[in-house]
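Shown next: work_21.txt, containing compact mmCIF, C-alpha atoms and all ligand atoms.
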```txt
# COMPACT_ATOMS: atom_id res chain seq x y z
CA MET A 75 66.73 124.53 90.98
CA THR A 76 70.37 125.45 90.47
CA ARG A 77 70.96 127.41 87.24
CA ILE A 78 74.55 128.46 86.60
CA LEU A 79 76.20 131.10 84.40
CA VAL A 80 79.93 130.58 83.72
CA THR A 81 81.84 133.62 82.42
CA GLY A 82 85.11 133.03 80.54
CA ALA A 83 83.88 129.52 79.66
CA ASN A 84 86.17 129.24 76.61
CA GLY A 85 89.24 129.47 78.84
CA GLN A 86 91.61 126.89 80.27
CA ILE A 87 89.64 126.43 83.50
CA GLY A 88 86.20 127.57 82.28
CA SER A 89 85.99 124.89 79.59
CA GLU A 90 86.71 122.10 82.12
CA LEU A 91 84.59 123.57 84.91
CA THR A 92 81.60 123.95 82.57
CA LYS A 93 81.79 120.23 81.69
CA ALA A 94 82.03 119.22 85.36
CA LEU A 95 79.16 121.50 86.43
CA ARG A 96 76.97 120.12 83.62
CA LEU A 97 77.58 116.56 84.79
CA ARG A 98 76.60 117.57 88.30
CA TYR A 99 73.66 119.94 87.77
CA GLY A 100 72.32 118.87 84.37
CA HIS A 101 73.67 119.91 80.99
CA ASN A 102 71.08 122.57 80.22
CA ASN A 103 71.26 124.12 83.68
CA VAL A 104 74.77 125.43 83.02
CA LEU A 105 74.99 128.32 80.57
CA ALA A 106 78.49 128.89 79.22
CA SER A 107 79.49 132.41 78.15
CA ASP A 108 82.51 134.24 76.81
CA ILE A 109 83.33 137.27 74.73
CA PHE A 110 84.29 134.94 71.84
CA ALA A 111 82.24 132.24 70.11
CA PRO A 112 82.63 128.79 71.71
CA THR A 113 85.76 126.83 70.99
CA HIS A 114 85.93 124.08 73.59
CA VAL A 115 82.44 124.15 75.11
CA GLU A 116 79.06 122.96 73.88
CA GLU A 117 75.74 124.81 73.79
CA PRO A 118 73.96 126.30 75.67
CA PHE A 119 76.36 129.17 75.13
CA GLY A 120 75.89 132.94 75.00
CA ILE A 121 78.20 135.77 74.04
CA VAL A 122 78.50 137.93 77.15
CA ASP A 123 81.13 140.67 77.44
CA ILE A 124 81.63 141.01 81.19
CA LEU A 125 81.94 144.77 80.69
CA ASP A 126 78.32 144.83 79.46
CA LYS A 127 76.33 144.77 82.69
CA GLU A 128 72.94 145.17 81.00
CA ARG A 129 73.52 142.10 78.82
CA MET A 130 74.70 140.10 81.84
CA ALA A 131 71.59 141.14 83.81
CA GLN A 132 69.36 140.23 80.86
CA VAL A 133 70.90 136.75 80.63
CA VAL A 134 70.60 136.19 84.39
CA GLU A 135 66.94 137.25 84.36
CA ASN A 136 65.90 135.43 81.17
CA GLU A 137 67.70 132.20 82.06
CA GLY A 138 66.70 132.16 85.74
CA VAL A 139 70.36 132.04 86.79
CA THR A 140 70.92 131.33 90.52
CA GLN A 141 74.74 131.15 90.61
CA ILE A 142 77.63 132.74 88.67
CA TYR A 143 81.10 131.24 88.30
CA HIS A 144 83.03 134.33 87.22
CA LEU A 145 86.16 133.11 85.42
CA ALA A 146 86.66 135.78 82.75
CA ALA A 147 89.84 137.79 83.33
CA ILE A 148 93.15 138.80 81.77
CA LEU A 149 96.00 136.81 83.33
CA SER A 150 99.38 137.91 84.70
CA ALA A 151 101.73 137.99 81.70
CA LYS A 152 99.19 139.12 79.10
CA GLY A 153 97.90 141.73 81.55
CA GLU A 154 101.21 143.59 81.62
CA ALA A 155 100.86 144.46 77.91
CA ASP A 156 97.98 146.86 78.66
CA PRO A 157 97.71 147.52 82.41
CA LEU A 158 94.74 149.91 82.36
CA ARG A 159 92.68 147.69 80.06
CA THR A 160 93.52 144.69 82.29
CA TRP A 161 92.39 146.59 85.38
CA ASP A 162 89.20 147.59 83.61
CA ILE A 163 88.30 144.06 82.51
CA ASN A 164 89.26 142.39 85.78
CA MET A 165 87.73 145.01 88.11
CA GLN A 166 84.73 146.35 86.18
CA GLY A 167 83.91 142.79 85.14
CA LEU A 168 83.85 141.76 88.80
CA PHE A 169 81.79 144.83 89.82
CA ASN A 170 79.23 143.94 87.15
CA VAL A 171 79.00 140.38 88.46
CA LEU A 172 78.70 141.57 92.08
CA GLU A 173 76.00 144.11 91.23
CA VAL A 174 74.00 141.69 89.08
CA ALA A 175 74.29 139.05 91.83
CA ARG A 176 73.12 141.54 94.47
CA THR A 177 70.27 142.91 92.34
CA PHE A 178 68.90 139.48 91.42
CA LYS A 179 69.64 138.03 94.88
CA LEU A 180 71.64 135.14 93.49
CA ASP A 181 72.31 132.18 95.79
CA LYS A 182 76.08 132.03 95.24
CA VAL A 183 79.00 133.47 93.26
CA PHE A 184 82.47 131.98 92.64
CA PHE A 185 85.47 134.28 92.13
CA PRO A 186 88.91 132.80 91.38
CA SER A 187 91.78 134.70 92.94
CA SER A 188 95.44 133.78 92.47
CA ILE A 189 98.87 133.37 94.01
CA ALA A 190 99.51 136.60 92.09
CA VAL A 191 98.12 138.53 95.10
CA PHE A 192 101.46 137.87 96.83
CA GLY A 193 104.58 139.99 96.37
CA LYS A 194 108.23 140.14 97.37
CA ASN A 195 107.44 141.04 101.00
CA THR A 196 105.27 137.94 101.44
CA PRO A 197 106.89 134.96 103.23
CA LYS A 198 108.05 132.82 100.30
CA VAL A 199 107.82 129.35 101.79
CA GLY A 200 104.63 127.98 103.31
CA THR A 201 102.87 131.30 102.66
CA PRO A 202 100.20 131.68 105.36
CA GLN A 203 96.50 132.30 104.71
CA HIS A 204 96.67 135.77 106.26
CA THR A 205 99.85 137.56 105.22
CA VAL A 206 101.36 140.50 103.38
CA ALA A 207 99.75 140.90 99.95
CA GLU A 208 101.58 143.60 97.98
CA PRO A 209 101.24 142.37 94.39
CA GLU A 210 103.53 143.66 91.66
CA THR A 211 101.47 142.96 88.53
CA VAL A 212 98.26 144.69 87.51
CA TYR A 213 96.69 141.23 87.45
CA GLY A 214 97.72 140.59 91.08
CA MET A 215 96.49 144.05 92.10
CA SER A 216 93.10 143.33 90.52
CA LYS A 217 92.82 139.95 92.25
CA SER A 218 93.84 141.41 95.63
CA ALA A 219 91.32 144.26 95.33
CA GLY A 220 88.75 141.77 94.03
CA GLU A 221 89.13 139.54 97.08
CA ASN A 222 88.43 142.49 99.36
CA TRP A 223 85.39 143.53 97.32
CA CYS A 224 84.06 139.98 97.60
CA GLN A 225 84.38 140.12 101.37
CA TYR A 226 82.70 143.56 101.36
CA TYR A 227 79.69 142.33 99.36
CA CYS A 228 79.41 139.33 101.65
CA GLU A 229 79.47 141.39 104.84
CA ARG A 230 77.51 144.40 103.62
CA TYR A 231 74.89 142.73 101.39
CA GLY A 232 74.95 139.11 102.56
CA LEU A 233 76.07 137.87 99.11
CA ASP A 234 77.38 134.32 99.40
CA ILE A 235 80.53 134.74 97.33
CA ARG A 236 83.30 132.17 97.67
CA SER A 237 86.87 132.25 96.39
CA VAL A 238 90.16 130.38 96.17
CA ARG A 239 93.65 131.55 95.28
CA TYR A 240 94.49 129.13 92.50
CA PRO A 241 98.18 128.34 91.96
CA GLY A 242 99.32 127.59 88.39
CA ILE A 243 96.77 125.20 86.89
CA ILE A 244 97.97 122.33 84.70
CA GLY A 245 95.64 120.42 82.41
CA HIS A 246 95.56 118.65 79.05
CA GLY A 247 92.45 120.41 77.67
CA GLN A 248 92.35 124.01 76.49
CA LYS A 249 95.80 125.64 76.61
CA PRO A 250 96.36 128.49 79.11
CA GLY A 251 95.69 132.07 78.08
CA GLY A 252 98.70 134.21 79.02
CA GLY A 253 99.91 133.44 82.53
CA THR A 254 103.36 133.12 84.07
CA THR A 255 102.81 129.45 84.92
CA ASP A 256 101.91 128.54 81.30
CA TYR A 257 105.32 126.91 80.78
CA ALA A 258 104.21 124.01 82.99
CA VAL A 259 101.53 123.11 80.43
CA ASP A 260 103.52 123.87 77.26
CA ILE A 261 106.40 121.67 78.38
CA TYR A 262 104.21 118.53 78.29
CA HIS A 263 102.96 119.31 74.77
CA HIS A 264 106.55 119.72 73.56
CA ALA A 265 107.73 116.49 75.20
CA VAL A 266 104.93 114.40 73.72
CA GLN A 267 105.47 115.91 70.25
CA GLY A 268 109.17 115.02 70.44
CA LYS A 269 110.30 118.67 70.48
CA ASP A 270 112.88 120.30 72.75
CA TYR A 271 111.50 122.97 75.09
CA GLU A 272 112.82 126.51 75.61
CA CYS A 273 111.62 127.66 79.03
CA PHE A 274 110.95 131.33 79.77
CA LEU A 275 111.74 130.85 83.49
CA LYS A 276 115.05 129.87 85.11
CA ALA A 277 115.67 126.22 86.02
CA ASP A 278 115.34 126.76 89.78
CA THR A 279 112.17 128.91 89.88
CA ALA A 280 109.79 127.15 92.28
CA LEU A 281 106.08 127.94 91.99
CA PRO A 282 102.95 126.39 93.52
CA MET A 283 100.97 124.30 91.01
CA LEU A 284 97.73 122.31 90.90
CA TYR A 285 96.39 119.67 88.52
CA MET A 286 93.13 120.55 86.75
CA ASP A 287 91.12 117.65 88.19
CA ASP A 288 91.96 118.76 91.73
CA ALA A 289 91.18 122.40 90.85
CA ILE A 290 87.73 121.49 89.52
CA LYS A 291 86.92 119.19 92.42
CA GLY A 292 88.11 121.78 94.96
CA THR A 293 86.05 124.53 93.33
CA ILE A 294 82.84 122.50 93.39
CA ASP A 295 83.53 121.25 96.94
CA LEU A 296 84.00 124.83 98.12
CA MET A 297 80.79 125.96 96.43
CA GLU A 298 78.78 123.07 97.88
CA ALA A 299 80.17 123.31 101.43
CA PRO A 300 77.65 124.36 104.11
CA LYS A 301 77.69 128.14 104.49
CA GLU A 302 78.76 128.06 108.15
CA LYS A 303 81.98 126.26 107.18
CA ILE A 304 83.18 129.14 105.00
CA LYS A 305 85.27 131.25 107.39
CA VAL A 306 87.42 133.09 104.82
CA ARG A 307 85.48 135.54 102.67
CA THR A 308 88.46 137.08 100.91
CA SER A 309 89.97 133.96 99.30
CA TYR A 310 91.31 130.60 100.46
CA ASN A 311 94.92 129.57 99.87
CA LEU A 312 94.95 126.38 97.80
CA ALA A 313 97.95 124.15 97.16
CA ALA A 314 98.96 120.68 96.06
CA MET A 315 102.57 120.72 94.87
CA SER A 316 105.44 123.10 94.15
CA PHE A 317 108.13 122.47 91.58
CA THR A 318 110.76 124.13 89.40
CA PRO A 319 111.19 123.81 85.61
CA ALA A 320 114.18 121.53 86.27
CA GLU A 321 112.03 119.25 88.44
CA VAL A 322 109.18 118.97 85.93
CA HIS A 323 111.75 118.31 83.20
CA ALA A 324 113.20 115.45 85.28
CA ALA A 325 109.70 114.05 85.90
CA ILE A 326 108.98 114.07 82.14
CA GLN A 327 112.36 112.46 81.39
CA LYS A 328 111.15 109.34 83.21
CA HIS A 329 108.76 108.94 80.24
CA TYR A 330 110.92 110.58 77.55
CA PRO A 331 114.60 110.13 78.55
CA ASP A 332 115.85 112.16 75.54
CA PHE A 333 113.62 115.17 76.21
CA LYS A 334 115.77 118.34 76.36
CA ILE A 335 115.13 121.74 77.94
CA THR A 336 116.97 125.06 77.56
CA TYR A 337 116.39 128.22 79.57
CA LYS A 338 115.83 131.73 78.21
CA PRO A 339 114.20 133.82 80.96
CA ASP A 340 112.11 136.80 79.79
CA PHE A 341 109.94 139.42 81.56
CA ARG A 342 107.91 136.62 83.17
CA GLN A 343 110.91 135.72 85.37
CA ALA A 344 110.40 138.90 87.43
CA ILE A 345 106.72 138.07 87.88
CA ALA A 346 107.53 134.52 89.01
CA ASP A 347 110.24 135.84 91.37
CA SER A 348 107.67 138.09 93.04
CA TRP A 349 105.37 135.12 93.82
CA THR A 350 105.79 132.57 96.57
CA ASP A 351 107.43 129.15 96.32
CA SER A 352 104.90 127.18 98.33
CA ILE A 353 101.57 127.78 100.04
CA ASP A 354 100.06 126.84 103.40
CA ASP A 355 96.50 125.73 102.58
CA SER A 356 95.67 124.27 106.00
CA GLN A 357 92.68 126.55 106.52
CA ALA A 358 90.98 125.27 103.35
CA ARG A 359 91.70 121.69 104.47
CA GLN A 360 90.27 122.37 107.91
CA ASP A 361 87.22 124.48 106.96
CA TRP A 362 85.76 122.62 103.98
CA GLY A 363 87.89 119.51 103.50
CA TRP A 364 90.27 120.51 100.69
CA ALA A 365 92.34 117.40 99.86
CA PRO A 366 94.19 117.35 96.52
CA GLU A 367 95.15 113.97 95.04
CA PHE A 368 97.78 114.75 92.41
CA ASP A 369 101.50 115.26 93.02
CA LEU A 370 104.09 115.93 90.29
CA GLU A 371 104.69 112.26 89.49
CA ARG A 372 101.03 111.27 89.24
CA MET A 373 100.13 114.38 87.27
CA THR A 374 103.00 113.78 84.83
CA GLY A 375 101.87 110.20 84.21
CA GLU A 376 98.37 111.42 83.43
CA MET A 377 99.42 114.40 81.27
CA VAL A 378 101.81 112.30 79.21
CA GLY A 379 99.31 109.44 78.88
CA VAL A 380 96.42 111.64 77.71
CA LEU A 381 98.45 113.85 75.36
CA ARG A 382 100.22 110.85 73.84
CA GLY A 383 96.86 109.16 73.23
CA ARG A 384 95.64 112.25 71.45
P1 LIG A 401 91.93 131.97 80.29
O1 LIG A 401 92.74 133.14 79.87
O2 LIG A 401 92.24 130.65 79.73
O3 LIG A 401 90.39 132.26 80.02
C1 LIG A 401 89.80 133.51 80.30
C2 LIG A 401 88.59 133.65 79.41
O4 LIG A 401 88.01 134.93 79.66
C3 LIG A 401 88.93 133.59 77.91
O5 LIG A 401 88.18 132.58 77.28
C4 LIG A 401 88.57 134.97 77.40
O6 LIG A 401 88.05 134.98 76.10
C5 LIG A 401 87.53 135.41 78.42
N1 LIG A 401 87.38 136.87 78.47
C6 LIG A 401 88.35 137.81 78.41
N2 LIG A 401 87.80 139.04 78.41
C7 LIG A 401 86.46 138.87 78.48
C8 LIG A 401 85.36 139.77 78.52
N3 LIG A 401 85.52 141.09 78.47
N4 LIG A 401 84.12 139.22 78.61
C9 LIG A 401 83.93 137.90 78.64
N5 LIG A 401 84.93 137.01 78.59
C10 LIG A 401 86.18 137.49 78.50
O7 LIG A 401 91.97 131.94 81.89
P2 LIG A 401 91.88 130.67 82.86
O8 LIG A 401 93.24 130.14 83.01
O9 LIG A 401 90.79 129.76 82.44
O10 LIG A 401 91.50 131.39 84.22
C11 LIG A 401 90.16 131.48 84.67
C12 LIG A 401 90.16 132.29 85.95
O11 LIG A 401 90.98 131.64 86.93
C13 LIG A 401 90.72 133.70 85.80
O12 LIG A 401 89.96 134.59 86.58
C14 LIG A 401 92.12 133.60 86.32
O13 LIG A 401 92.58 134.80 86.85
C15 LIG A 401 91.97 132.54 87.40
N6 LIG A 401 93.22 131.84 87.65
C16 LIG A 401 93.76 131.01 86.71
C17 LIG A 401 94.96 130.37 86.96
C18 LIG A 401 95.59 129.43 85.96
O14 LIG A 401 96.70 128.94 86.19
N7 LIG A 401 94.94 129.13 84.84
C19 LIG A 401 95.60 130.57 88.19
C20 LIG A 401 95.05 131.46 89.10
C21 LIG A 401 93.84 132.07 88.84
N1 LIG A 402 98.56 130.92 86.44
C1 LIG A 402 98.23 132.28 86.65
C2 LIG A 402 99.18 133.18 85.92
O1 LIG A 402 100.29 132.75 85.71
C3 LIG A 402 98.27 132.60 88.13
O2 LIG A 402 97.18 133.36 88.43
O3 LIG A 402 98.81 134.27 85.61
```
Structure rendered as structure tokens:
Amino acid sequence: MTRILVTGANGQIGSELTKALRLRYGHNNVLASDIFAPTHVEEPFGIVDILDKERMAQVVENEGVTQIYHLAAILSAKGEADPLRTWDINMQGLFNVLEVARTFKLDKVFFPSSIAVFGKNTPKVGTPQHTVAEPETVYGMSKSAGENWCQYYCERYGLDIRSVRYPGIIGHGQKPGGGTTDYAVDIYHHAVQGKDYECFLKADTALPMLYMDDAIKGTIDLMEAPKEKIKVRTSYNLAAMSFTPAEVHAAIQKHYPDFKITYKPDFRQAIADSWTDSIDDSQARQDWGWAPEFDLERMTGEMVGVLRGR
């Protein structure tokens, strides 16, 4: 029987992924966990600090966990406030998951990487699967190192660990927790509430983005794909759309013609400038059938519709 532990389940992605996994594998077979008490997820829930390996091992043993979806991390912008602490949480947290998974011979582990692994020497347009990865944030450094550790545990210990490089994720549930792509969620909330939006990136800053429903479906598809189809054991490029703040503003104006945006770039501009504009995800499409459904227009219709209803 599949029994899943989700770390970072209170977060933007964790809260949605937990719901989707519960629908698929049975509510009580998915244990949500986070360092904070639950906000957007239901029981069963346990407080697990990913830096506490003994507690994680205890939960895995007591609950008969067979898979871990390891989402807990500090994201790009927030991570720059305390680089060494970010490295500690992102790396030691991953080591604890890898060691617990190896010790208890878990069936599978999911590790989300990020477009933050890329840097200014990476080809900016149509970034290939295998390319220069010289990240410039501590978050990107931790994801890049993490990808390589995942491959190492797979090759050395036979651990079936799978990973994707998520672009900026946009959803209408839990708000994002401190990334550089957060503007692309906040902007919808402002538009629907009838407020102007001050964007912390420049108008023409293109970044790869992905709607939450596609992210969740892609994650579960990857995890359920036959093992022989998984050819990349660092992390798969994943893409759906790329847009700039000016383009998302124009898409929202089709629903709210009077919606106004101003631009006041801050330290996050340099992070965004170091990332790529668009991603080549053909290997994920070819190996395990990645096929996103949402483009900017469709996503905007859904975001506006759901948030307005709320
Ligand atoms: P988030 O910031 O919304 O959630 C992260 C969660 O981790 C939070 O609920 C936080 O409380 C928890 N956490 C932090 N420290 C912890 C600790 N020591 N122990 C246990 N839990 C702890 O992040 P998210 O957007 O949901 O991202 C989930 C994963 O996906 C992360 O690994 C992130 O790097 C990756 N990712 C996200 C995006 C995105 O756009 N959201 C893009 C690329 C990759
Ligand atoms: N959306 C994430 C961030 O901005 C990318 O990993 O940090």
Selected residue of minimal separation from ligand LIG 402 (chain A) among A:Ala83, A:Val183, A:Ala151, A:Leu145, counting all atoms listed in the file: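 Of the candidates, the smallest distance to ligand LIG 402 (chain A) is held by A:Ala151.
Considering the residues A:Ile189, A:Leu168, A:Met373, A:Leu275 and counting all atoms listed in the file, ligand LIG 401 (chain A) has its shortest atom-to-atom contact with A:Ile189.
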Within 10 Å of ligand LIG 402 (chain A) (only C-alpha atoms and all ligand atoms), residues as a VMD selection string: chain A and resid 147 to 153 186 to 191 211 213 to 214 217 239 to 244 250 to 258 281 to 284 342 345 to 346 349
For ligand LIG 401 (chain A), the nearest of the candidates A:Pro118, A:Gly247, A:Pro209, A:Pro202, counting only C-alpha atoms and all ligand atoms: A:Gly247
Contacts of Asp287 of chain A at 10 Å (all atoms listed in the file; same-chain gap of 4+ positions) as a list in words: Glu90, Leu91, Ala94, Ile243, Ile244, Gly245, Lys291, Gly292, Thr293, Pro366, Glu367, Phe368 and Met373 of chain A
Atom pair atom CA of Asp234 of chain A / atom CA of Asp355 of chain A: separation (Å):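 Between atom CA of Asp234 of chain A and atom CA of Asp355 of chain A the gap works out to 21.2 Å.
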